[in-house]
file data11.pdb (PDB, C-alpha atoms and all ligand atoms)
MODEL        1
ATOM      1  CA  MET A   1      83.837 100.458 133.681
ATOM      2  CA  SER A   2      82.327  98.632 130.679
ATOM      3  CA  ILE A   3      83.836  95.291 129.743
ATOM      4  CA  ASN A   4      85.409  96.794 126.652
ATOM      5  CA  ASP A   5      86.630 100.062 128.137
ATOM      6  CA  LEU A   6      90.320 100.324 127.370
ATOM      7  CA  ARG A   7      91.124 103.366 129.503
ATOM      8  CA  GLY A   8      93.901 102.685 131.991
ATOM      9  CA  ARG A   9      94.826  99.326 130.462
ATOM     10  CA  LEU A  10      98.436  98.560 129.560
ATOM     11  CA  ALA A  11      99.285  97.463 126.011
ATOM     12  CA  LEU A  12     102.526  95.888 124.884
ATOM     13  CA  ILE A  13     103.102  96.654 121.201
ATOM     14  CA  THR A  14     106.136  95.069 119.583
ATOM     15  CA  GLY A  15     107.683  96.694 116.533
ATOM     16  CA  ALA A  16     106.282 100.082 117.553
ATOM     17  CA  SER A  17     109.120 101.898 115.749
ATOM     18  CA  GLY A  18     107.627 100.764 112.428
ATOM     19  CA  GLY A  19     104.675 101.938 110.352
ATOM     20  CA  ILE A  20     101.880  99.692 111.593
ATOM     21  CA  GLY A  21     103.097  99.380 115.198
ATOM     22  CA  SER A  22     103.381 103.146 115.667
ATOM     23  CA  ALA A  23      99.860 103.652 114.256
ATOM     24  CA  CYS A  24      98.550 101.080 116.763
ATOM     25  CA  ALA A  25     100.325 102.942 119.573
ATOM     26  CA  ASP A  26      98.730 106.207 118.480
ATOM     27  CA  GLN A  27      95.206 104.785 118.415
ATOM     28  CA  LEU A  28      95.460 102.929 121.701
ATOM     29  CA  ALA A  29      96.887 106.098 123.271
ATOM     30  CA  GLN A  30      93.788 107.942 121.995
ATOM     31  CA  HIS A  31      91.779 105.458 124.056
ATOM     32  CA  GLY A  32      93.793 106.221 127.184
ATOM     33  CA  VAL A  33      95.849 103.029 127.095
ATOM     34  CA  HIS A  34      99.293 103.016 128.771
ATOM     35  CA  LEU A  35     101.989 101.734 126.460
ATOM     36  CA  ALA A  36     105.044  99.483 126.560
ATOM     37  CA  LEU A  37     106.623  99.885 123.131
ATOM     38  CA  THR A  38     109.435  97.884 121.620
ATOM     39  CA  TYR A  39     111.891  98.610 118.850
ATOM     40  CA  SER A  40     114.798  96.623 117.537
ATOM     41  CA  SER A  41     117.230  98.874 115.662
ATOM     42  CA  ASN A  42     115.524 102.189 114.963
ATOM     43  CA  LEU A  43     115.919 104.175 118.186
ATOM     44  CA  GLU A  44     115.645 107.466 116.317
ATOM     45  CA  ALA A  45     112.178 106.610 114.954
ATOM     46  CA  MET A  46     111.113 105.242 118.341
ATOM     47  CA  ASN A  47     112.125 108.433 120.154
ATOM     48  CA  ARG A  48     110.323 110.595 117.597
ATOM     49  CA  ILE A  49     107.152 108.489 117.892
ATOM     50  CA  VAL A  50     107.165 108.648 121.699
ATOM     51  CA  GLU A  51     107.626 112.427 121.665
ATOM     52  CA  GLU A  52     104.652 112.737 119.282
ATOM     53  CA  LEU A  53     102.515 110.450 121.447
ATOM     54  CA  LYS A  54     103.323 112.414 124.596
ATOM     55  CA  THR A  55     102.433 115.729 122.964
ATOM     56  CA  LYS A  56      99.330 114.517 121.151
ATOM     57  CA  HIS A  57      97.821 112.595 124.059
ATOM     58  CA  ALA A  58      99.031 114.730 126.964
ATOM     59  CA  GLU A  59      95.533 114.908 128.483
ATOM     60  CA  HIS A  60      95.568 111.164 129.223
ATOM     61  CA  GLN A  61      98.796 111.362 131.284
ATOM     62  CA  LEU A  62      99.916 108.057 129.875
ATOM     63  CA  ARG A  63     102.802 105.927 131.074
ATOM     64  CA  ILE A  64     104.852 105.138 127.983
ATOM     65  CA  SER A  65     107.896 102.904 128.284
ATOM     66  CA  VAL A  66     110.324 102.012 125.522
ATOM     67  CA  HIS A  67     112.279  98.768 125.296
ATOM     68  CA  GLN A  68     114.899  97.557 122.873
ATOM     69  CA  VAL A  69     114.161  93.915 122.117
ATOM     70  CA  ASP A  70     115.193  91.431 119.471
ATOM     71  CA  VAL A  71     112.104  89.243 119.522
ATOM     72  CA  GLY A  72     114.210  86.407 118.123
ATOM     73  CA  SER A  73     115.738  86.083 121.601
ATOM     74  CA  ALA A  74     113.712  84.422 124.365
ATOM     75  CA  GLU A  75     116.114  85.930 126.926
ATOM     76  CA  GLN A  76     115.495  89.441 125.638
ATOM     77  CA  ILE A  77     111.729  88.900 125.751
ATOM     78  CA  GLU A  78     112.013  87.713 129.357
ATOM     79  CA  ALA A  79     114.104  90.797 130.179
ATOM     80  CA  LEU A  80     111.395  92.911 128.485
ATOM     81  CA  PHE A  81     108.757  91.571 130.874
ATOM     82  CA  GLN A  82     110.989  92.280 133.878
ATOM     83  CA  GLN A  83     111.428  95.869 132.676
ATOM     84  CA  ILE A  84     107.678  96.257 132.105
ATOM     85  CA  GLU A  85     106.929  94.989 135.624
ATOM     86  CA  ARG A  86     109.402  97.469 137.070
ATOM     87  CA  GLU A  87     108.066 100.417 135.072
ATOM     88  CA  HIS A  88     104.323  99.669 135.109
ATOM     89  CA  GLU A  89     104.019  97.414 138.179
ATOM     90  CA  GLN A  90     102.047  94.918 136.137
ATOM     91  CA  ARG A  91     102.179  92.717 133.048
ATOM     92  CA  PRO A  92     100.306  93.836 129.901
ATOM     93  CA  ASP A  93      96.506  93.607 129.588
ATOM     94  CA  ILE A  94      96.727  93.906 125.801
ATOM     95  CA  LEU A  95      99.335  92.268 123.559
ATOM     96  CA  VAL A  96      99.779  93.472 119.994
ATOM     97  CA  SER A  97     102.445  91.134 118.621
ATOM     98  CA  ASN A  98     103.352  93.131 115.555
ATOM     99  CA  ALA A  99     107.139  93.027 115.120
ATOM    100  CA  GLY A 100     107.863  91.149 111.950
ATOM    101  CA  TYR A 101     110.422  90.373 109.361
ATOM    102  CA  GLY A 102     110.226  89.276 105.750
ATOM    103  CA  LYS A 103     113.008  89.336 103.216
ATOM    104  CA  ARG A 104     111.495  89.115  99.750
ATOM    105  CA  PHE A 105     112.508  85.754  98.300
ATOM    106  CA  PRO A 106     109.454  84.669  96.267
ATOM    107  CA  ASN A 107     110.895  81.335  95.107
ATOM    108  CA  VAL A 108     111.549  78.352  97.319
ATOM    109  CA  TRP A 109     114.886  77.636  95.619
ATOM    110  CA  ASP A 110     116.208  81.009  96.796
ATOM    111  CA  ILE A 111     115.152  80.558 100.426
ATOM    112  CA  THR A 112     117.938  79.153 102.586
ATOM    113  CA  LEU A 113     117.240  77.048 105.633
ATOM    114  CA  GLU A 114     118.774  79.813 107.740
ATOM    115  CA  GLU A 115     116.361  82.355 106.239
ATOM    116  CA  PHE A 116     113.424  80.022 106.906
ATOM    117  CA  ASP A 117     114.458  79.429 110.541
ATOM    118  CA  TYR A 118     115.129  83.111 111.167
ATOM    119  CA  THR A 119     111.760  84.181 109.731
ATOM    120  CA  LEU A 120     109.889  81.577 111.779
ATOM    121  CA  ASN A 121     111.727  82.723 114.927
ATOM    122  CA  ILE A 122     110.862  86.387 114.523
ATOM    123  CA  ASN A 123     107.329  86.044 113.182
ATOM    124  CA  LEU A 124     105.994  82.948 114.950
ATOM    125  CA  ARG A 125     108.121  81.713 117.864
ATOM    126  CA  ALA A 126     108.308  85.226 119.324
ATOM    127  CA  SER A 127     104.509  85.455 119.513
ATOM    128  CA  PHE A 128     104.383  82.153 121.406
ATOM    129  CA  ILE A 129     106.908  83.456 123.946
ATOM    130  CA  LEU A 130     105.088  86.788 124.228
ATOM    131  CA  VAL A 131     101.761  85.053 124.860
ATOM    132  CA  LYS A 132     103.352  82.996 127.635
ATOM    133  CA  GLY A 133     104.595  86.240 129.167
ATOM    134  CA  VAL A 134     101.152  87.867 129.320
ATOM    135  CA  VAL A 135      98.702  85.014 129.756
ATOM    136  CA  GLU A 136      99.008  84.353 133.511
ATOM    137  CA  HIS A 137      98.225  87.991 134.305
ATOM    138  CA  MET A 138      95.292  88.044 131.856
ATOM    139  CA  LYS A 139      93.934  84.771 133.250
ATOM    140  CA  ALA A 140      94.182  85.971 136.831
ATOM    141  CA  GLN A 141      92.215  89.155 136.107
ATOM    142  CA  ARG A 142      89.907  87.447 133.612
ATOM    143  CA  TRP A 143      90.475  90.118 130.953
ATOM    144  CA  GLY A 144      92.888  90.139 128.055
ATOM    145  CA  ARG A 145      93.214  91.018 124.399
ATOM    146  CA  ILE A 146      95.775  89.376 122.124
ATOM    147  CA  VAL A 147      96.233  90.490 118.519
ATOM    148  CA  PHE A 148      98.813  88.992 116.162
ATOM    149  CA  MET A 149      99.940  90.780 112.992
ATOM    150  CA  SER A 150      99.577  88.106 110.351
ATOM    151  CA  SER A 151      99.445  88.771 106.600
ATOM    152  CA  ILE A 152      97.603  87.923 103.409
ATOM    153  CA  ALA A 153     100.600  85.587 102.987
ATOM    154  CA  ALA A 154      98.967  83.257 105.534
ATOM    155  CA  GLN A 155      96.381  82.494 102.844
ATOM    156  CA  GLY A 156      98.908  82.075 100.049
ATOM    157  CA  GLY A 157      98.833  85.644  98.679
ATOM    158  CA  GLY A 158     101.271  88.526  98.818
ATOM    159  CA  ILE A 159     104.679  89.160  97.342
ATOM    160  CA  ASN A 160     106.843  87.044  99.611
ATOM    161  CA  GLY A 161     107.905  83.397  99.670
ATOM    162  CA  CYS A 162     106.797  80.270 101.491
ATOM    163  CA  HIS A 163     109.015  80.982 104.521
ATOM    164  CA  TYR A 164     107.066  84.167 105.263
ATOM    165  CA  ALA A 165     103.753  82.463 104.415
ATOM    166  CA  ALA A 166     104.560  79.626 106.828
ATOM    167  CA  SER A 167     105.398  82.053 109.623
ATOM    168  CA  LYS A 168     102.194  84.048 109.162
ATOM    169  CA  GLY A 169     100.011  80.979 108.569
ATOM    170  CA  GLY A 170     101.463  79.524 111.760
ATOM    171  CA  LEU A 171     100.359  82.641 113.613
ATOM    172  CA  THR A 172      96.790  82.218 112.391
ATOM    173  CA  GLY A 173      96.753  78.544 113.442
ATOM    174  CA  MET A 174      98.140  79.409 116.862
ATOM    175  CA  MET A 175      95.591  82.237 117.189
ATOM    176  CA  LYS A 176      92.657  79.928 116.424
ATOM    177  CA  ASN A 177      93.813  77.360 118.962
ATOM    178  CA  LEU A 178      94.499  79.959 121.658
ATOM    179  CA  SER A 179      91.125  81.595 121.099
ATOM    180  CA  THR A 180      89.308  78.403 122.032
ATOM    181  CA  ARG A 181      91.610  77.684 125.004
ATOM    182  CA  LEU A 182      91.501  81.179 126.465
ATOM    183  CA  ALA A 183      87.870  82.177 125.907
ATOM    184  CA  GLU A 184      86.820  80.914 129.337
ATOM    185  CA  TYR A 185      89.197  83.459 130.887
ATOM    186  CA  ASN A 186      87.691  86.329 128.869
ATOM    187  CA  ILE A 187      90.820  86.628 126.770
ATOM    188  CA  SER A 188      90.156  87.245 123.077
ATOM    189  CA  VAL A 189      92.729  86.211 120.490
ATOM    190  CA  ASN A 190      92.574  87.387 116.881
ATOM    191  CA  ASP A 191      94.841  88.354 114.037
ATOM    192  CA  VAL A 192      94.893  91.043 111.393
ATOM    193  CA  ALA A 193      96.043  89.955 107.944
ATOM    194  CA  PRO A 194      97.076  93.030 105.977
ATOM    195  CA  ALA A 195      98.437  93.310 102.448
ATOM    196  CA  MET A 196     100.233  96.166 100.734
ATOM    197  CA  ILE A 197     100.290  98.673 103.562
ATOM    198  CA  GLY A 198     102.318 101.747 102.612
ATOM    199  CA  ASP A 199     104.319 104.126 104.847
ATOM    200  CA  THR A 200     106.002 101.077 106.363
ATOM    201  CA  GLY A 201     109.560  99.788 106.337
ATOM    202  CA  MET A 202     108.256  96.824 104.360
ATOM    203  CA  ILE A 203     106.494  98.927 101.682
ATOM    204  CA  PRO A 204     107.473 102.624 101.807
ATOM    205  CA  ASN A 205     105.211 103.593  98.879
ATOM    206  CA  ALA A 206     103.605 102.277  95.672
ATOM    207  CA  ASN A 207     106.817 102.924  93.681
ATOM    208  CA  ALA A 208     108.482 100.153  95.687
ATOM    209  CA  ILE A 209     106.098  97.593  94.142
ATOM    210  CA  PRO A 210     104.655  99.180  90.984
ATOM    211  CA  GLU A 211     103.206  96.061  89.308
ATOM    212  CA  VAL A 212     101.645  94.763  92.508
ATOM    213  CA  ALA A 213     100.251  98.176  93.446
ATOM    214  CA  ALA A 214      98.611  98.495  90.020
ATOM    215  CA  GLY A 215      96.818  95.189  90.605
ATOM    216  CA  ILE A 216      95.155  96.156  93.901
ATOM    217  CA  PRO A 217      91.409  96.344  93.172
ATOM    218  CA  LEU A 218      91.056  99.513  95.288
ATOM    219  CA  LYS A 219      93.914 101.057  93.276
ATOM    220  CA  ARG A 220      95.907 102.232  96.266
ATOM    221  CA  LEU A 221      97.986 100.938  99.157
ATOM    222  CA  GLY A 222      96.450 100.531 102.581
ATOM    223  CA  THR A 223      97.564 102.781 105.412
ATOM    224  CA  PRO A 224      99.015 101.974 108.834
ATOM    225  CA  GLU A 225      96.098 103.899 110.345
ATOM    226  CA  GLU A 226      93.580 101.593 108.624
ATOM    227  CA  THR A 227      95.452  98.605 110.004
ATOM    228  CA  ALA A 228      95.426 100.145 113.464
ATOM    229  CA  ASN A 229      91.657 100.714 113.125
ATOM    230  CA  VAL A 230      91.190  96.957 112.946
ATOM    231  CA  VAL A 231      93.544  96.292 115.867
ATOM    232  CA  THR A 232      91.693  98.863 117.975
ATOM    233  CA  MET A 233      88.333  97.396 117.008
ATOM    234  CA  LEU A 234      89.533  93.965 118.154
ATOM    235  CA  CYS A 235      90.741  95.392 121.467
ATOM    236  CA  LYS A 236      87.385  97.137 121.990
ATOM    237  CA  THR A 237      85.264  94.168 120.928
ATOM    238  CA  GLY A 238      85.889  91.326 123.331
ATOM    239  CA  TYR A 239      83.039  89.213 121.970
ATOM    240  CA  MET A 240      84.973  88.741 118.722
ATOM    241  CA  THR A 241      87.579  86.011 119.062
ATOM    242  CA  GLY A 242      89.302  83.455 116.857
ATOM    243  CA  GLN A 243      89.129  85.630 113.747
ATOM    244  CA  SER A 244      91.686  86.472 111.093
ATOM    245  CA  LEU A 245      90.663  89.743 109.451
ATOM    246  CA  LEU A 246      91.915  90.342 105.920
ATOM    247  CA  LEU A 247      92.710  93.971 105.135
ATOM    248  CA  ALA A 248      93.829  93.907 101.559
ATOM    249  CA  GLY A 249      92.116  96.432  99.278
ATOM    250  CA  GLY A 250      90.222  93.649  97.547
ATOM    251  CA  LEU A 251      93.238  91.380  96.980
ATOM    252  CA  LYS A 252      92.691  87.688  97.661
TER     253      LYS A 252
HETATM  254  N1  LIG B   1     103.458  96.527 105.309
HETATM  255  C1  LIG B   1     102.689  95.558 104.858
HETATM  256  O1  LIG B   1     102.139  95.622 103.746
HETATM  257  C2  LIG B   1     102.428  94.325 105.690
HETATM  258  C3  LIG B   1     101.605  93.343 105.148
HETATM  259  C4  LIG B   1     101.334  92.200 105.913
HETATM  260  C5  LIG B   1     101.861  92.079 107.166
HETATM  261  N2  LIG B   1     102.669  93.041 107.668
HETATM  262  C6  LIG B   1     103.209  92.830 109.009
HETATM  263  O2  LIG B   1     103.038  93.999 109.777
HETATM  264  C7  LIG B   1     104.002  93.999 110.837
HETATM  265  C8  LIG B   1     104.614  95.379 110.953
HETATM  266  O3  LIG B   1     105.386  95.658 109.792
HETATM  267  P1  LIG B   1     105.377  97.073 109.047
HETATM  268  O4  LIG B   1     104.712  96.863 107.748
HETATM  269  O5  LIG B   1     104.896  98.140 109.952
HETATM  270  O6  LIG B   1     106.931  97.246 108.705
HETATM  271  P2  LIG B   1     108.074  98.075 109.442
HETATM  272  O7  LIG B   1     107.729  99.530 109.368
HETATM  273  O8  LIG B   1     109.341  97.620 108.803
HETATM  274  O9  LIG B   1     108.009  97.593 110.946
HETATM  275  C9  LIG B   1     108.589  96.402 111.393
HETATM  276  C10 LIG B   1     108.788  96.505 112.883
HETATM  277  O10 LIG B   1     109.265  95.248 113.380
HETATM  278  C11 LIG B   1     110.438  95.488 114.136
HETATM  279  N3  LIG B   1     111.327  94.333 114.048
HETATM  280  C12 LIG B   1     111.868  93.784 112.947
HETATM  281  N4  LIG B   1     112.674  92.745 113.280
HETATM  282  C13 LIG B   1     112.629  92.662 114.638
HETATM  283  C14 LIG B   1     113.254  91.824 115.588
HETATM  284  N5  LIG B   1     114.098  90.846 115.241
HETATM  285  N6  LIG B   1     112.982  92.021 116.890
HETATM  286  C15 LIG B   1     112.146  93.019 117.277
HETATM  287  N7  LIG B   1     111.526  93.841 116.432
HETATM  288  C16 LIG B   1     111.778  93.670 115.120
HETATM  289  C17 LIG B   1     111.077  96.741 113.537
HETATM  290  O11 LIG B   1     111.950  97.337 114.476
HETATM  291  P3  LIG B   1     113.180  98.336 114.056
HETATM  292  O12 LIG B   1     112.716  99.102 112.837
HETATM  293  O13 LIG B   1     113.386  99.187 115.259
HETATM  294  O14 LIG B   1     114.358  97.479 113.761
HETATM  295  C18 LIG B   1     109.832  97.567 113.262
HETATM  296  O15 LIG B   1     109.402  98.221 114.421
HETATM  297  C19 LIG B   1     104.987  92.871 110.504
HETATM  298  O16 LIG B   1     104.687  91.738 111.293
HETATM  299  C20 LIG B   1     104.702  92.563 109.045
HETATM  300  O17 LIG B   1     105.018  91.223 108.717
HETATM  301  C21 LIG B   1     102.964  94.159 106.953
ENDMDL
END
call {"tool": "encode", "arguments": {"input": "data11.pdb", "output": "structure tokens", "more": "lines below"}}
Ligand SMILES: NC(=O)c1ccc[n+]([C@@H]2O[C@H](COP(=O)([O-])OP(=O)(O)OC[C@H]3O[C@@H](n4cnc5c(N)ncnc54)[C@H](OP(=O)(O)O)[C@@H]3O)[C@@H](O)[C@H]2O)c1
result
Amino acid sequence: MSINDLRGRLALITGASGGIGSACADQLAQHGVHLALTYSSNLEAMNRIVEELKTKHAEHQLRISVHQVDVGSAEQIEALFQQIEREHEQRPDILVSNAGYGKRFPNVWDITLEEFDYTLNINLRASFILVKGVVEHMKAQRWGRIVFMSSIAAQGGGINGCHYAASKGGLTGMMKNLSTRLAEYNISVNDVAPAMIGDTGMIPNANAIPEVAAGIPLKRLGTPEETANVVTMLCKTGYMTGQSLLLAGGLK
């Protein structure tokens, strides 16, 4: 097995009921990766996605487990890992920490402290807890891939406020630190920083953000599949670590 062969690995993808997370699940399934998928509220979407995955990738005979988790709760994340161990008899080899939240309050005076704390909990603290849940297993086997879903907001761009920017910028900082600490164990840590990805709960289509969409140099929204391409590339390319990859149609 080559060092970057993903077949037979187990990936935990949070927020797999959403646009980007489900596209990541589809691509990793194409590579023969077993899946532990989480959703928070949208069981209907999750069930539909799992049915599609099972049909489309039947030849791989994948184990696909589904878990309801509020990633704002450390207890629920711990329970998630117990369930994964029961169902897959191991902890994940690949972590795609993708579940995210961002209520659009562009101006600091409209962002309450509660909104700030909540956003940081879901987007940043959860990834810290998730990493702690996977890292011992990855260290022991000297193989692991960690990908955070950051955002163009981490660099000051995007349509959201400073609370969201802080949560995503925090992810990139944590990623860069972890990448240097974990390299000796052959664990790569990177993030993807998308902007204006359509077919998602965050941005259903260009009509949801007409002025912003018109200003994208490539003149269209990005797709969940394009975002998943980058996640898959990072999982397949262990020599790349410590990178934040902007996927933004030419936006800065
Ligand atoms: N769309 C974009 O243009 C864009 C740009 C930059 C970054 N991102 C990031 O991409 C990631 C995926 O978002 P998306 O665009 O695919 O939007 P989405 O379709 O709304 O997906 C969001 C996912 O996160 C889950 N989630 C939300 N709150 C959660 C919580 N408290 N606990 C557990 N899961 C929770 C949702 O679960 P349920 O639906 O089941 O509740 C859903 O699966 C997010 O981190 C987002 O910040 C998106």
call {"tool": "resolve_selection", "arguments": {"input": "data11.pdb", "expression": "the PyMOL selection byres (((not hetatm)) within 7 of (chain B and resi 1))", "output": "ChimeraX atom specification"}}
result
/A:14-21,38-43,69-72,98-102,122-123,149-152,193-198,200-203
call {"tool": "axis_aligned_box", "arguments": {"input": "data11.pdb", "around": "range 147-166 of chain A", "padding_each_side": "8 Å", "output": "JSON"}}
result
{"center_x": 102.6, "center_y": 85.2, "center_z": 107.9, "size_x": 28.8, "size_y": 27.2, "size_z": 37.2}
call {"tool": "closest_residue", "arguments": {"input": "data11.pdb", "among": "A:Gln61, A:Ser188, A:Gln155, A:Gln27", "to": "Leu234 in chain A", "atoms": "only C-alpha atoms"}}
result
A:Ser188
call {"tool": "atom_distance", "arguments": {"input": "data11.pdb", "atom1": "CA of Ser65 in chain A", "atom2": "CA of Met174 in chain A"}}
result
27.9 Å
call {"tool": "resolve_selection", "arguments": {"input": "data11.pdb", "expression": "the PyMOL selection byres (((chain A and resi 103) around 10) and not hetatm)", "output": "PyMOL selection string"}}
result
chain A and resi 101-102+104-106+111+115+119+160-161+163-164+202
call {"tool": "closest_residue", "arguments": {"input": "data11.pdb", "among": "A:Ser167, A:Asn186, A:Asn4, A:Thr223", "to": "His137 in chain A", "atoms": "all atoms listed in the file"}}
result
A:Asn186
call {"tool": "atom_distance", "arguments": {"input": "data11.pdb", "atom1": "CA of Gly144 in chain A", "atom2": "CA of Glu52 in chain A"}}
result
26.9 Å
call {"tool": "atom_distance", "arguments": {"input": "data11.pdb", "atom1": "CA of Phe81 in chain A", "atom2": "CA of Ala29 in chain A"}}
result
20.2 Å
call {"tool": "closest_residue", "arguments": {"input": "data11.pdb", "among": "A:Arg220, A:Arg145, A:Arg91, A:Ala154", "to": "Tyr185 in chain A", "atoms": "all atoms listed in the file"}}
result
A:Arg145
call {"tool": "residues_around", "arguments": {"input": "data11.pdb", "residues": "Val230 in chain A", "least_positions_apart": "5", "cutoff": "10 Å", "atoms": "all atoms listed in the file", "output": "ChimeraX atom specification"}}
result
/A:24,147,191-194,225,235-236,245-247
call {"tool": "residues_around", "arguments": {"input": "data11.pdb", "residues": "Arg142 in chain A", "least_positions_apart": "3", "cutoff": "10 Å", "atoms": "all atoms listed in the file", "output": "number ranges by chain"}}
result
A: 93, 135-139, 182-187
call {"tool": "resolve_selection", "arguments": {"input": "data11.pdb", "expression": "the PyMOL selection byres (((chain A and resi 10) around 7) and not hetatm)", "output": "short mmCIF file (atom, residue, chain, number, x, y, z; two decimals) with C-alpha atoms, in the frame of the given file"}}
result
data_model
loop_
_atom_site.label_atom_id
_atom_site.label_comp_id
_atom_site.auth_asym_id
_atom_site.auth_seq_id
_atom_site.Cartn_x
_atom_site.Cartn_y
_atom_site.Cartn_z
CA GLY A 8 93.90 102.68 131.99
CA ARG A 9 94.83 99.33 130.46
CA ALA A 11 99.28 97.46 126.01
CA LEU A 12 102.53 95.89 124.88
CA VAL A 33 95.85 103.03 127.10
CA HIS A 34 99.29 103.02 128.77
CA LEU A 35 101.99 101.73 126.46
CA PRO A 92 100.31 93.84 129.90
CA ASP A 93 96.51 93.61 129.59
CA ILE A 94 96.73 93.91 125.80
#
call {"tool": "closest_residue", "arguments": {"input": "data11.pdb", "among": "A:His60, A:Arg7, A:Arg181, A:His67", "to": "Gln83 in chain A", "atoms": "only C-alpha atoms"}}
result
A:His67
call {"tool": "closest_residue", "arguments": {"input": "data11.pdb", "among": "A:Val131, A:Ile159, A:Ala213, A:Leu178", "to": "Glu78 in chain A", "atoms": "all atoms listed in the file"}}
result
A:Val131
call {"tool": "closest_residue", "arguments": {"input": "data11.pdb", "among": "A:Leu251, A:Ala58, A:Val231, A:Ala165", "to": "Ile216 in chain A", "atoms": "all atoms listed in the file"}}
result
A:Leu251
call {"tool": "decode", "arguments": {"input": "data11.pdb", "residues": "range 170-181 of chain A", "atoms": "C-alpha atoms", "output": "JSON list (two decimals), in the first residue's frame"}}
result
[["chain", "number", "residue", "atom", "x", "y", "z"],
["A", 170, "GLY", "CA", -8.21, 30.69, 14.83],
["A", 171, "LEU", "CA", -8.55, 27.46, 12.89],
["A", 172, "THR", "CA", -5.75, 28.46, 10.54],
["A", 173, "GLY", "CA", -3.48, 29.38, 13.47],
["A", 174, "MET", "CA", -4.23, 26.10, 15.21],
["A", 175, "MET", "CA", -3.63, 24.21, 11.94],
["A", 176, "LYS", "CA", -0.20, 25.81, 11.44],
["A", 177, "ASN", "CA", 0.87, 24.99, 14.99],
["A", 178, "LEU", "CA", -0.43, 21.41, 14.82],
["A", 179, "SER", "CA", 1.27, 20.83, 11.48],
["A", 180, "THR", "CA", 4.68, 21.48, 12.99],
["A", 181, "ARG", "CA", 3.94, 19.45, 16.15]]
